[in-house]
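As stored in run_34.cif (mmCIF, C-alpha atoms):
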data_run
loop_
_atom_site.label_atom_id
_atom_site.label_comp_id
_atom_site.auth_asym_id
_atom_site.auth_seq_id
_atom_site.Cartn_x
_atom_site.Cartn_y
_atom_site.Cartn_z
CA MET A 1 31.20 19.33 -38.18
CA GLU A 2 32.00 22.27 -35.85
CA GLU A 3 28.62 21.87 -34.08
CA HIS A 4 29.16 18.17 -33.40
CA LEU A 5 31.35 16.29 -30.93
CA THR A 6 33.39 13.28 -31.97
CA VAL A 7 32.72 9.95 -30.33
CA GLY A 8 36.10 10.11 -28.60
CA ARG A 9 35.36 13.55 -27.14
CA VAL A 10 31.91 12.49 -25.95
CA ALA A 11 33.36 9.36 -24.33
CA GLU A 12 35.97 11.50 -22.57
CA LEU A 13 33.46 14.06 -21.26
CA ALA A 14 30.93 11.46 -20.15
CA ALA A 15 33.51 9.12 -18.58
CA VAL A 16 32.30 6.12 -20.60
CA SER A 17 34.04 3.97 -23.16
CA VAL A 18 33.81 4.45 -26.91
CA ARG A 19 32.61 0.86 -27.04
CA THR A 20 29.65 1.79 -24.82
CA LEU A 21 28.70 4.64 -27.14
CA HIS A 22 28.97 2.32 -30.15
CA HIS A 23 26.64 -0.14 -28.43
CA TYR A 24 24.09 2.54 -27.59
CA ASP A 25 24.15 3.60 -31.23
CA GLU A 26 23.79 0.07 -32.55
CA ILE A 27 20.72 -0.69 -30.42
CA GLY A 28 19.13 2.67 -31.25
CA LEU A 29 19.28 4.01 -27.69
CA VAL A 30 21.56 6.97 -28.49
CA PRO A 31 22.18 7.04 -32.22
CA ALA A 32 24.82 9.47 -33.44
CA SER A 33 23.10 11.77 -35.90
CA ALA A 34 26.14 12.51 -38.06
CA ARG A 35 29.46 11.19 -39.30
CA THR A 36 32.81 12.89 -39.68
CA ALA A 37 34.53 13.09 -43.06
CA ALA A 38 36.47 9.99 -42.04
CA GLY A 39 33.24 8.14 -41.26
CA TYR A 40 33.38 8.27 -37.48
CA ARG A 41 30.32 8.91 -35.31
CA ALA A 42 29.59 12.52 -34.36
CA TYR A 43 27.08 13.81 -31.81
CA SER A 44 24.84 16.86 -32.01
CA ALA A 45 23.59 18.88 -29.03
CA ASP A 46 20.33 16.88 -29.08
CA ASP A 47 22.29 13.62 -29.16
CA VAL A 48 24.30 14.73 -26.13
CA GLU A 49 21.13 15.71 -24.24
CA ARG A 50 19.67 12.27 -24.87
CA LEU A 51 22.93 10.60 -23.81
CA ARG A 52 22.95 12.59 -20.58
CA GLU A 53 19.47 11.28 -19.76
CA VAL A 54 20.40 7.71 -20.64
CA LEU A 55 23.56 7.79 -18.52
CA ALA A 56 21.74 9.36 -15.57
CA TYR A 57 19.08 6.65 -15.61
CA ARG A 58 21.75 4.00 -16.10
CA ARG A 59 23.66 5.18 -13.03
CA LEU A 60 20.46 5.05 -11.05
CA GLY A 61 20.28 1.34 -11.83
CA PHE A 62 17.76 1.22 -14.68
CA GLY A 63 18.12 -1.42 -17.38
CA LEU A 64 18.58 -0.41 -21.00
CA GLY A 65 15.09 -1.54 -21.94
CA GLU A 66 13.56 0.51 -19.13
CA ILE A 67 15.64 3.52 -20.13
CA ALA A 68 14.47 3.29 -23.73
CA ASP A 69 10.87 3.37 -22.56
CA LEU A 70 11.58 6.38 -20.34
CA VAL A 71 13.43 8.54 -22.86
CA ASP A 72 10.98 7.71 -25.66
CA GLY A 73 7.87 8.17 -23.53
CA PRO A 74 4.98 10.49 -24.45
CA THR A 75 6.26 13.20 -22.07
CA ALA A 76 9.88 12.84 -23.17
CA ASP A 77 11.00 16.48 -23.05
CA ALA A 78 14.17 17.74 -21.36
CA VAL A 79 12.44 19.47 -18.46
CA ALA A 80 10.30 16.42 -17.66
CA HIS A 81 13.38 14.20 -17.61
CA LEU A 82 15.33 16.60 -15.43
CA ARG A 83 12.50 16.78 -12.92
CA ARG A 84 12.13 12.99 -12.90
CA LEU A 85 15.88 12.51 -12.52
CA ARG A 86 16.01 15.06 -9.72
CA GLY A 87 13.23 13.24 -7.90
CA LEU A 88 14.98 9.90 -8.25
CA LEU A 89 18.26 11.36 -7.02
CA VAL A 90 16.58 12.99 -4.01
CA GLU A 91 14.97 9.66 -3.20
CA GLN A 92 18.35 7.95 -3.51
CA ARG A 93 19.95 10.59 -1.27
CA ASP A 94 17.28 10.14 1.39
CA ARG A 95 17.61 6.37 1.24
CA THR A 96 21.38 6.70 1.67
CA ALA A 97 20.92 9.06 4.63
CA ALA A 98 18.52 6.59 6.20
CA MET A 99 21.00 3.74 5.75
CA VAL A 100 23.79 5.83 7.29
CA THR A 101 21.59 6.55 10.30
CA ALA A 102 20.70 2.87 10.66
CA ILE A 103 24.39 1.88 10.46
CA ASP A 104 25.35 4.54 13.01
CA ARG A 105 22.79 3.13 15.41
CA GLU A 106 24.15 -0.38 14.99
CA LEU A 107 27.69 0.89 15.58
CA GLU A 108 26.50 2.53 18.80
CA ALA A 109 24.83 -0.72 19.84
CA ARG A 110 27.98 -2.73 19.08
CA ALA A 111 30.07 -0.28 21.12
CA LEU A 112 27.81 -1.08 24.06
CA GLY A 113 28.21 -4.80 23.48
CA ILE A 114 24.74 -5.24 22.00
CA ARG A 115 24.48 -7.60 19.03
CA THR A 116 21.70 -6.75 16.61
CA THR A 117 19.41 -9.49 15.33
CA PRO A 118 19.71 -10.88 11.78
CA GLU A 119 16.42 -9.17 10.93
CA GLU A 120 17.73 -5.81 12.12
CA GLN A 121 20.97 -6.27 10.20
CA LEU A 122 19.10 -6.87 6.94
CA LYS A 123 16.65 -4.01 7.44
CA VAL A 124 19.41 -1.47 6.85
CA PHE A 125 19.38 -2.33 3.13
CA GLY A 126 15.70 -1.50 2.86
CA ALA A 127 16.02 1.65 4.92
CA GLN A 128 13.81 4.49 3.77
CA LEU A 129 13.52 7.90 5.36
CA TYR A 130 10.14 7.28 6.95
CA GLU A 131 11.16 3.78 7.98
CA VAL A 132 13.88 5.46 10.08
CA ILE A 133 11.91 8.39 11.49
CA GLY A 134 8.39 6.97 11.34
CA SER A 135 8.48 5.01 14.59
CA ALA A 136 9.03 8.26 16.54
CA TYR A 137 5.99 9.99 15.07
CA PRO A 138 3.29 8.95 17.56
CA ALA A 139 5.18 10.44 20.52
CA THR A 140 5.82 13.93 19.15
CA ARG A 141 3.90 14.46 15.91
CA ARG A 142 0.24 15.18 16.42
CA THR A 143 -2.45 17.59 15.25
CA GLU A 144 -1.95 21.21 16.33
CA PRO A 145 -5.55 22.53 16.74
CA ARG A 146 -4.82 26.09 15.61
CA ILE A 147 -3.14 24.97 12.41
CA ALA A 148 -5.82 22.33 11.87
CA THR A 149 -8.48 25.03 12.01
CA ARG A 150 -6.72 26.94 9.24
CA ILE A 151 -6.48 23.81 7.08
CA TRP A 152 -10.05 22.70 7.66
CA ASP A 153 -11.44 26.19 7.01
CA ALA A 154 -9.52 26.24 3.72
CA LEU A 155 -11.22 22.98 2.69
CA GLY A 156 -14.47 24.96 2.58
CA ASP A 157 -17.60 22.91 2.08
CA ALA A 158 -15.73 19.89 0.63
CA ARG A 159 -17.32 16.62 1.72
CA THR A 160 -14.89 14.21 0.08
CA VAL A 161 -11.21 14.85 0.83
CA LEU A 162 -8.03 13.15 -0.38
CA ASN A 163 -5.12 13.39 2.06
CA VAL A 164 -1.89 12.98 0.09
CA GLY A 165 1.23 11.92 2.01
CA ALA A 166 -1.11 11.28 4.91
CA GLY A 167 1.36 9.72 7.33
CA THR A 168 -0.29 8.61 10.55
CA GLY A 169 -3.39 10.70 9.91
CA SER A 170 -2.71 13.99 11.69
CA TYR A 171 -4.89 16.88 10.46
CA GLU A 172 -7.44 14.66 8.75
CA PRO A 173 -10.82 16.37 9.29
CA PRO A 174 -13.10 14.16 11.40
CA ASP A 175 -16.32 15.42 9.82
CA ARG A 176 -15.49 14.67 6.16
CA ASP A 177 -15.26 11.57 4.00
CA VAL A 178 -11.46 11.19 3.85
CA THR A 179 -9.32 8.91 1.69
CA ALA A 180 -5.63 8.79 2.54
CA VAL A 181 -2.59 8.16 0.33
CA GLU A 182 0.68 7.13 2.01
CA PRO A 183 3.62 5.26 0.39
CA SER A 184 5.38 4.26 3.64
CA ALA A 185 4.30 0.96 5.18
CA VAL A 186 5.68 2.09 8.55
CA MET A 187 3.47 5.16 8.54
CA ARG A 188 0.41 3.27 7.31
CA ALA A 189 0.84 0.72 10.10
CA GLN A 190 0.70 3.48 12.71
CA ARG A 191 -2.58 4.96 11.58
CA PRO A 192 -5.03 4.68 14.49
CA ALA A 193 -8.03 2.39 14.54
CA GLY A 194 -10.93 4.04 12.82
CA ALA A 195 -8.70 6.27 10.65
CA ALA A 196 -9.63 6.91 7.04
CA PRO A 197 -8.89 4.14 4.54
CA CYS A 198 -5.35 4.45 3.22
CA VAL A 199 -4.01 3.65 -0.24
CA ALA A 200 -0.34 2.81 -0.86
CA ALA A 201 0.62 5.21 -3.65
CA ASP A 202 2.90 8.12 -4.53
CA ALA A 203 1.82 11.74 -4.89
CA GLY A 204 3.19 11.91 -8.43
CA ARG A 205 0.89 9.11 -9.63
CA LEU A 206 -2.40 9.26 -7.80
CA PRO A 207 -4.57 6.25 -8.73
CA PHE A 208 -7.78 8.27 -9.07
CA ALA A 209 -9.79 9.69 -11.95
CA ASP A 210 -9.99 13.42 -12.68
CA ARG A 211 -12.09 15.39 -10.17
CA SER A 212 -12.70 12.35 -7.97
CA PHE A 213 -12.73 14.46 -4.79
CA ASP A 214 -14.11 17.77 -3.64
CA ALA A 215 -10.71 18.65 -2.15
CA ALA A 216 -7.17 17.32 -1.82
CA MET A 217 -4.91 18.21 1.11
CA ALA A 218 -1.23 17.68 1.90
CA VAL A 219 0.33 18.53 5.27
CA SER A 220 4.09 18.81 5.90
CA THR A 221 4.86 16.30 3.18
CA VAL A 222 5.62 18.04 -0.12
CA HIS A 223 9.33 18.35 0.73
CA HIS A 224 9.56 14.53 0.76
CA TRP A 225 8.07 14.04 -2.71
CA PRO A 226 10.51 13.10 -5.50
CA ASP A 227 8.83 15.65 -7.81
CA PRO A 228 6.83 18.20 -5.78
CA LEU A 229 5.36 20.02 -8.77
CA ALA A 230 4.17 16.78 -10.37
CA GLY A 231 2.49 15.82 -7.10
CA LEU A 232 0.82 19.19 -6.77
CA ARG A 233 -0.47 19.00 -10.34
CA GLU A 234 -1.83 15.54 -9.58
CA MET A 235 -3.72 16.97 -6.60
CA ARG A 236 -5.13 19.66 -8.86
CA ARG A 237 -6.17 16.98 -11.35
CA VAL A 238 -8.08 14.77 -8.93
CA ALA A 239 -9.76 17.48 -6.84
CA ARG A 240 -11.69 20.70 -7.30
CA ARG A 241 -9.96 22.37 -4.34
CA VAL A 242 -6.37 21.99 -3.12
CA VAL A 243 -4.94 22.84 0.32
CA VAL A 244 -1.23 22.38 1.06
CA PHE A 245 0.65 23.11 4.29
CA THR A 246 4.29 23.63 3.37
CA TYR A 247 7.39 25.78 3.79
CA ASP A 248 8.72 28.82 1.94
CA ALA A 249 12.45 28.71 1.27
CA SER A 250 12.43 31.28 -1.54
CA THR A 251 12.22 34.54 0.43
CA ALA A 252 15.49 36.47 0.72
CA GLY A 253 17.21 35.75 4.02
CA TRP A 254 14.92 32.83 4.82
CA LEU A 255 17.68 30.84 6.53
CA GLN A 256 18.14 33.64 9.08
CA ARG A 257 14.56 33.84 10.33
CA PHE A 258 14.87 30.77 12.57
CA TRP A 259 17.67 30.73 15.13
CA LEU A 260 18.19 26.98 14.77
CA THR A 261 19.14 27.18 11.10
CA ARG A 262 20.87 30.53 11.49
CA ASP A 263 23.17 29.65 14.38
CA TYR A 264 23.42 25.88 14.55
CA LEU A 265 22.29 24.04 11.42
CA PRO A 266 23.24 25.89 8.20
CA GLU A 267 23.14 22.51 6.43
CA PHE A 268 19.37 22.95 6.33
CA ALA A 269 19.86 25.22 3.32
CA GLY A 270 21.33 22.35 1.31
CA LEU A 271 18.23 20.23 1.84
CA LEU A 272 16.05 22.79 0.08
CA ALA A 273 18.52 24.14 -2.48
CA ASP A 274 16.86 22.50 -5.49
CA ARG A 275 13.32 22.62 -4.22
CA PRO A 276 10.67 24.48 -6.26
CA SER A 277 10.01 28.03 -5.12
CA LEU A 278 6.83 28.99 -3.33
CA ALA A 279 5.73 30.79 -6.50
CA ASP A 280 6.27 27.61 -8.55
CA MET A 281 4.27 25.52 -6.10
CA THR A 282 1.47 28.07 -5.96
CA ARG A 283 1.31 28.20 -9.76
CA ALA A 284 1.20 24.39 -9.95
CA ILE A 285 -2.17 24.42 -8.20
CA GLY A 286 -3.33 27.82 -9.47
CA GLY A 287 -3.78 29.21 -5.98
CA ARG A 288 -2.47 31.63 -3.36
CA ALA A 289 -0.15 31.42 -0.36
CA GLU A 290 -1.03 32.47 3.19
CA PRO A 291 1.42 32.72 6.13
CA VAL A 292 0.84 30.38 9.07
CA PRO A 293 2.44 31.59 12.34
CA VAL A 294 3.75 28.88 14.67
CA PRO A 295 2.30 29.13 18.22
CA TRP A 296 4.87 29.03 21.00
CA ASP A 297 3.26 25.92 22.52
CA CYS A 298 2.69 24.11 19.21
CA ALA A 299 1.50 20.55 19.83
CA ASP A 300 2.89 19.18 16.55
CA GLY A 301 6.61 18.59 16.92
CA PHE A 302 7.70 19.56 13.41
CA PHE A 303 11.09 21.18 12.85
CA GLU A 304 10.15 24.76 13.77
CA ALA A 305 7.66 23.89 16.53
CA HIS A 306 9.98 24.46 19.50
CA TRP A 307 11.21 27.91 18.53
CA ARG A 308 10.53 29.24 22.07
CA ARG A 309 11.39 25.96 23.80
CA PRO A 310 14.99 25.34 22.68
CA GLU A 311 15.66 22.62 25.26
CA ALA A 312 13.33 20.35 23.26
CA TYR A 313 15.90 20.05 20.49
CA LEU A 314 18.27 18.33 22.91
CA ASP A 315 15.77 15.47 23.17
CA GLU A 316 16.69 12.58 20.87
CA GLN A 317 13.05 11.51 20.59
CA VAL A 318 12.00 14.98 19.41
CA ARG A 319 14.71 15.02 16.75
CA ARG A 320 14.04 11.50 15.49
CA ALA A 321 10.51 12.42 14.43
CA VAL A 322 11.79 15.21 12.17
CA SER A 323 13.31 14.25 8.82
CA VAL A 324 15.68 17.23 8.78
CA TRP A 325 17.93 15.66 11.40
CA THR A 326 18.25 12.39 9.52
CA ARG A 327 18.90 14.13 6.22
CA VAL A 328 21.68 16.44 7.43
CA GLY A 329 23.53 13.44 8.84
CA PRO A 330 24.81 12.52 12.31
CA ALA A 331 27.90 14.77 12.25
CA ALA A 332 25.93 17.96 11.58
CA GLU A 333 23.25 16.91 14.03
CA GLN A 334 25.72 16.27 16.83
CA ARG A 335 27.56 19.52 16.21
CA ALA A 336 24.29 21.50 16.29
CA VAL A 337 23.05 19.80 19.45
CA ASN A 338 26.36 20.28 21.25
CA GLY A 339 26.48 23.94 20.28
CA LEU A 340 22.92 24.54 21.43
CA ARG A 341 23.52 22.72 24.71
CA GLU A 342 26.56 24.87 25.42
CA ASP A 343 24.75 28.10 24.56
CA LEU A 344 21.78 27.21 26.76
CA ALA A 345 24.10 26.47 29.68
CA SER A 346 26.09 29.68 29.23
CA GLY A 347 23.07 31.92 28.66
CA ARG A 348 24.24 32.85 25.17
CA TRP A 349 21.09 31.49 23.52
CA ALA A 350 18.88 33.55 25.86
CA GLU A 351 20.91 36.67 25.13
CA ARG A 352 20.73 36.17 21.36
CA ASN A 353 17.02 35.42 21.34
CA ARG A 354 15.66 37.50 24.21
CA ASP A 355 13.00 39.09 21.97
CA LEU A 356 11.31 35.70 21.44
CA VAL A 357 10.10 35.41 25.02
CA ALA A 358 7.42 38.07 24.45
CA LEU A 359 6.00 36.39 21.32
CA ASP A 360 2.99 34.08 21.35
CA ALA A 361 3.56 33.05 17.73
CA ALA A 362 6.41 33.36 15.22
CA GLU A 363 6.53 33.77 11.46
CA LEU A 364 8.99 31.07 10.42
CA GLY A 365 8.09 30.53 6.78
CA LEU A 366 5.23 28.07 7.06
CA ARG A 367 2.62 28.62 4.37
CA LEU A 368 -0.84 27.41 3.46
CA LEU A 369 -1.37 27.10 -0.28
CA VAL A 370 -5.02 27.24 -1.27
CA ALA A 371 -6.58 26.79 -4.69
#
Any chance you could put this one into structure tokens?
Amino acid sequence: MEEHLTVGRVAELAAVSVRTLHHYDEIGLVPASARTAAGYRAYSADDVERLREVLAYRRLGFGLGEIADLVDGPTADAVAHLRRLRGLLVEQRDRTAAMVTAIDRELEARALGIRTTPEEQLKVFGAQLYEVIGSAYPATRRTEPRIATRIWDALGDARTVLNVGAGTGSYEPPDRDVTAVEPSAVMRAQRPAGAAPCVAADAGRLPFADRSFDAAMAVSTVHHWPDPLAGLREMRRVARRVVVFTYDASTAGWLQRFWLTRDYLPEFAGLLADRPSLADMTRAIGGRAEPVPVPWDCADGFFEAHWRRPEAYLDEQVRRAVSVWTRVGPAAEQRAVNGLREDLASGRWAERNRDLVALDAAELGLRLLVA
């Protein structure tokens, strides 16, 4: 029995009761594959792996029946479960960050003597990342023509295009037959009149048949997907060509290439720590990666857009339309903003970054994946 763990040892390591393990065995959810000489349950490495998956799903709030379906599904291998669990945990983390932001705003309002409405008080429990940042999108997030040209050229002669994680519709080509996919109701509601029809769905489960479109595109959205590689493979499945505008966090020293993450917001690294590498994402679609420099006067207010206009990051409205600031949390955000404000006033920022003034565009890790 050297290769097996006793039920008591498993209960101790997993922080559950022996009674719970007995129950899981009795209902066939995590049966112990062996018995000790004294007749007690004993768990093999495979048993422990299954238990880990069951407990992870359980702590995410799934019922035992749902968990059984998940762990016994047709794609029930360890890697698939780990990727699914990672996606669910990232989604839970983002939801928590959104709730914290919503609560912080109510605390600020209360400090000013403002009483929030019952509707606003309840909305905090349904807070999602885009529900928090989405309302700021129209003011600062728009199509940057030079980046749009790169994306549209990469679409080639595609006539039918699926835009996955479409948001409010930026970068959708006006001369193609576009279908949009966007899970956030807030973002869908802000799509302009005359925009492409939009389907409420997730990237990981696109409700379309194989090769339904000439091309599929995704712009500044992959980092929000629970399972980026699954979403990219879905794009590859439903379209003959795939174009993805994303970010490379796998190159050595990547955190140092942008002064904002280097000097003020090191927490950015934690947001991308478990994200697939650029090579993994490129392989998922069977394509190549091309660098996309950011123009100094970029019209789209994404995170790196103001690299030569640092004062913009002091603007609350600019920050609210970028998910990074919500995800790092209010303490890190305030510290970064205060530090930047002080360095701009003292001239320290200008001294550190004097070489940027002569650049018309900067290489900050943005990539176009094309397959």
Output the residue selection produced by the PyMOL selection byres ((chain A and resi 179-188) around 8) on the file above, formatted as number ranges by chain. A: 130-131, 134-135, 160-169, 177-178, 189-191, 196-203
Set the distance at 6 Å and use all atoms listed in the file: which residues neighbour Met235 in chain A once local chain neighbours fewer than 3 positions away are removed? I'd like the list as a PyMOL selection string. chain A and resi 216+232+238
CA of Gly231 in chain A and CA of Leu155 in chain A are how many Å apart?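 Distance reported for this atom pair: 18.3 Å.
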Check which residues satisfy the PyMOL selection byres ((chain A and resi 303) around 12) in the file shown, then give them as a PyMOL selection string. chain A and resi 140-141+220+246-247+258-261+265+268+294+298-302+304-307+309-310+312-313+318-326+364-366
With the file shown as input, list the residues that the PyMOL selection byres ((chain A and resi 280) around 12) selects, as a list in words.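 On this input, the PyMOL selection byres ((chain A and resi 280) around 12) captures Pro228, Leu229, Ala230, Leu232, Arg233, Asp248, Ala249, Ser250, Arg275, Pro276, Ser277, Leu278, Ala279, Met281, Thr282, Arg283, Ala284, Ile285, Gly286, Gly287, Arg288, Ala289 and Leu369 of chain A.
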Let me make sure I understand: among A:Val16, A:Thr149, A:Ala361, A:Arg110, which one has the smallest atom-to-atom distance to Pro293 in chain A if we use only C-alpha atoms?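 For Pro293 in chain A, the nearest of the given residues is A:Ala361.
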Write out as a list in words the residues lying within 8 Å of Val244 in chain A, counting only C-alpha atoms and excluding same-chain residues fewer than 4 positions away.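 Here the answer would be Met217, Ala218, Val219, Leu368, Leu369 and Val370 of chain A.
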Kindly export the residues of the current selection with C-alpha atoms, as a PDB file, in the coordinates of the input.
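Result written to result.pdb:
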ATOM      1  CA  MET A 217      -4.910  18.210   1.110  1.00  0.00           C
ATOM      2  CA  ALA A 218      -1.230  17.680   1.900  1.00  0.00           C
ATOM      3  CA  VAL A 219       0.330  18.530   5.270  1.00  0.00           C
ATOM      4  CA  LEU A 368      -0.840  27.410   3.460  1.00  0.00           C
ATOM      5  CA  LEU A 369      -1.370  27.100  -0.280  1.00  0.00           C
ATOM      6  CA  VAL A 370      -5.020  27.240  -1.270  1.00  0.00           C
TER       7      VAL A 370
END
For Asp297 in chain A, which of A:Glu144, A:Glu108, A:Asp25, A:Asp315 is the closest residue, counting only C-alpha atoms? A:Glu144
Of the listed residues A:Ile114, A:Ala273, A:Ala215, A:Ala102, that which approaches Leu255 in chain A most closely, counting all atoms listed in the file: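 Residue with the minimum atom-to-atom distance to Leu255 in chain A: A:Ala273.
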Separation of CA of Asp153 in chain A from CA of Val243 in chain A, in Å and rounded to one decimal: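 Between CA of Asp153 in chain A and CA of Val243 in chain A the gap works out to 9.9 Å.
Residue nearest Asp69 in chain A, chosen from A:Leu29, A:Gly329, A:Thr251, A:Arg41 and counting only C-alpha atoms: A:Leu29.
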Point out the residue among A:Arg150, A:Ala68, A:Arg262, A:Val79 with the least atom-to-atom distance to Arg352 in chain A, counting all atoms listed in the file.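 Under the stated criterion, the closest residue is A:Arg262.
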Would you mind reading off the distance between CA of Glu316 in chain A and CA of Ile151 in chain A, one decimal, in Å? 29.2 Å
Taking all atoms listed in the file into account, name the residue in A:Arg308, A:Arg52, A:Arg257, A:Arg341 that is nearest to Leu359 in chain A. A:Arg308
Can you pull out the residues contacting Ala331 in chain A? Cut-off 12 Å, using only C-alpha atoms, and skip same-chain residues under 2 positions away; I want them as a ChimeraX atom specification. /A:97,100-101,104,265,267,325-329,333-338
For range 38-53 of chain A, what centre and edge lengths in Å (one decimal) does the axis-aligned box get once 6 Å is added on each side of all its listed atoms, as lines of an AutoDock Vina configuration file?
center_x = 28.0
center_y = 13.5
center_z = -30.9
size_x = 29.0
size_y = 22.7
size_z = 34.3
So that I can check the surroundings of Ala32 in chain A, please list as number ranges by chain every protein, DNA and RNA residue that reaches within 9 Å of it, counting all atoms listed in the file and ignoring chain neighbours fewer than 4 positions away. A: 7, 21-22, 25, 41-44, 47
Take the residues just selected and output them with C-alpha atoms as a compact mmCIF listing (two decimals), in the coordinates of the input.
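File written: result23.txt
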# COMPACT_ATOMS: atom_id res chain seq x y z
CA VAL A 7 32.72 9.95 -30.33
CA LEU A 21 28.70 4.64 -27.14
CA HIS A 22 28.97 2.32 -30.15
CA ASP A 25 24.15 3.60 -31.23
CA ARG A 41 30.32 8.91 -35.31
CA ALA A 42 29.59 12.52 -34.36
CA TYR A 43 27.08 13.81 -31.81
CA SER A 44 24.84 16.86 -32.01
CA ASP A 47 22.29 13.62 -29.16
Compile the contact shell of range 62-66 of chain A as a PyMOL selection string: residues with an atom at most 12 Å away, counting only C-alpha atoms, same-chain residues fewer than 4 positions apart removed. chain A and resi 20+23-24+27-30+53-58+70-73+85+88
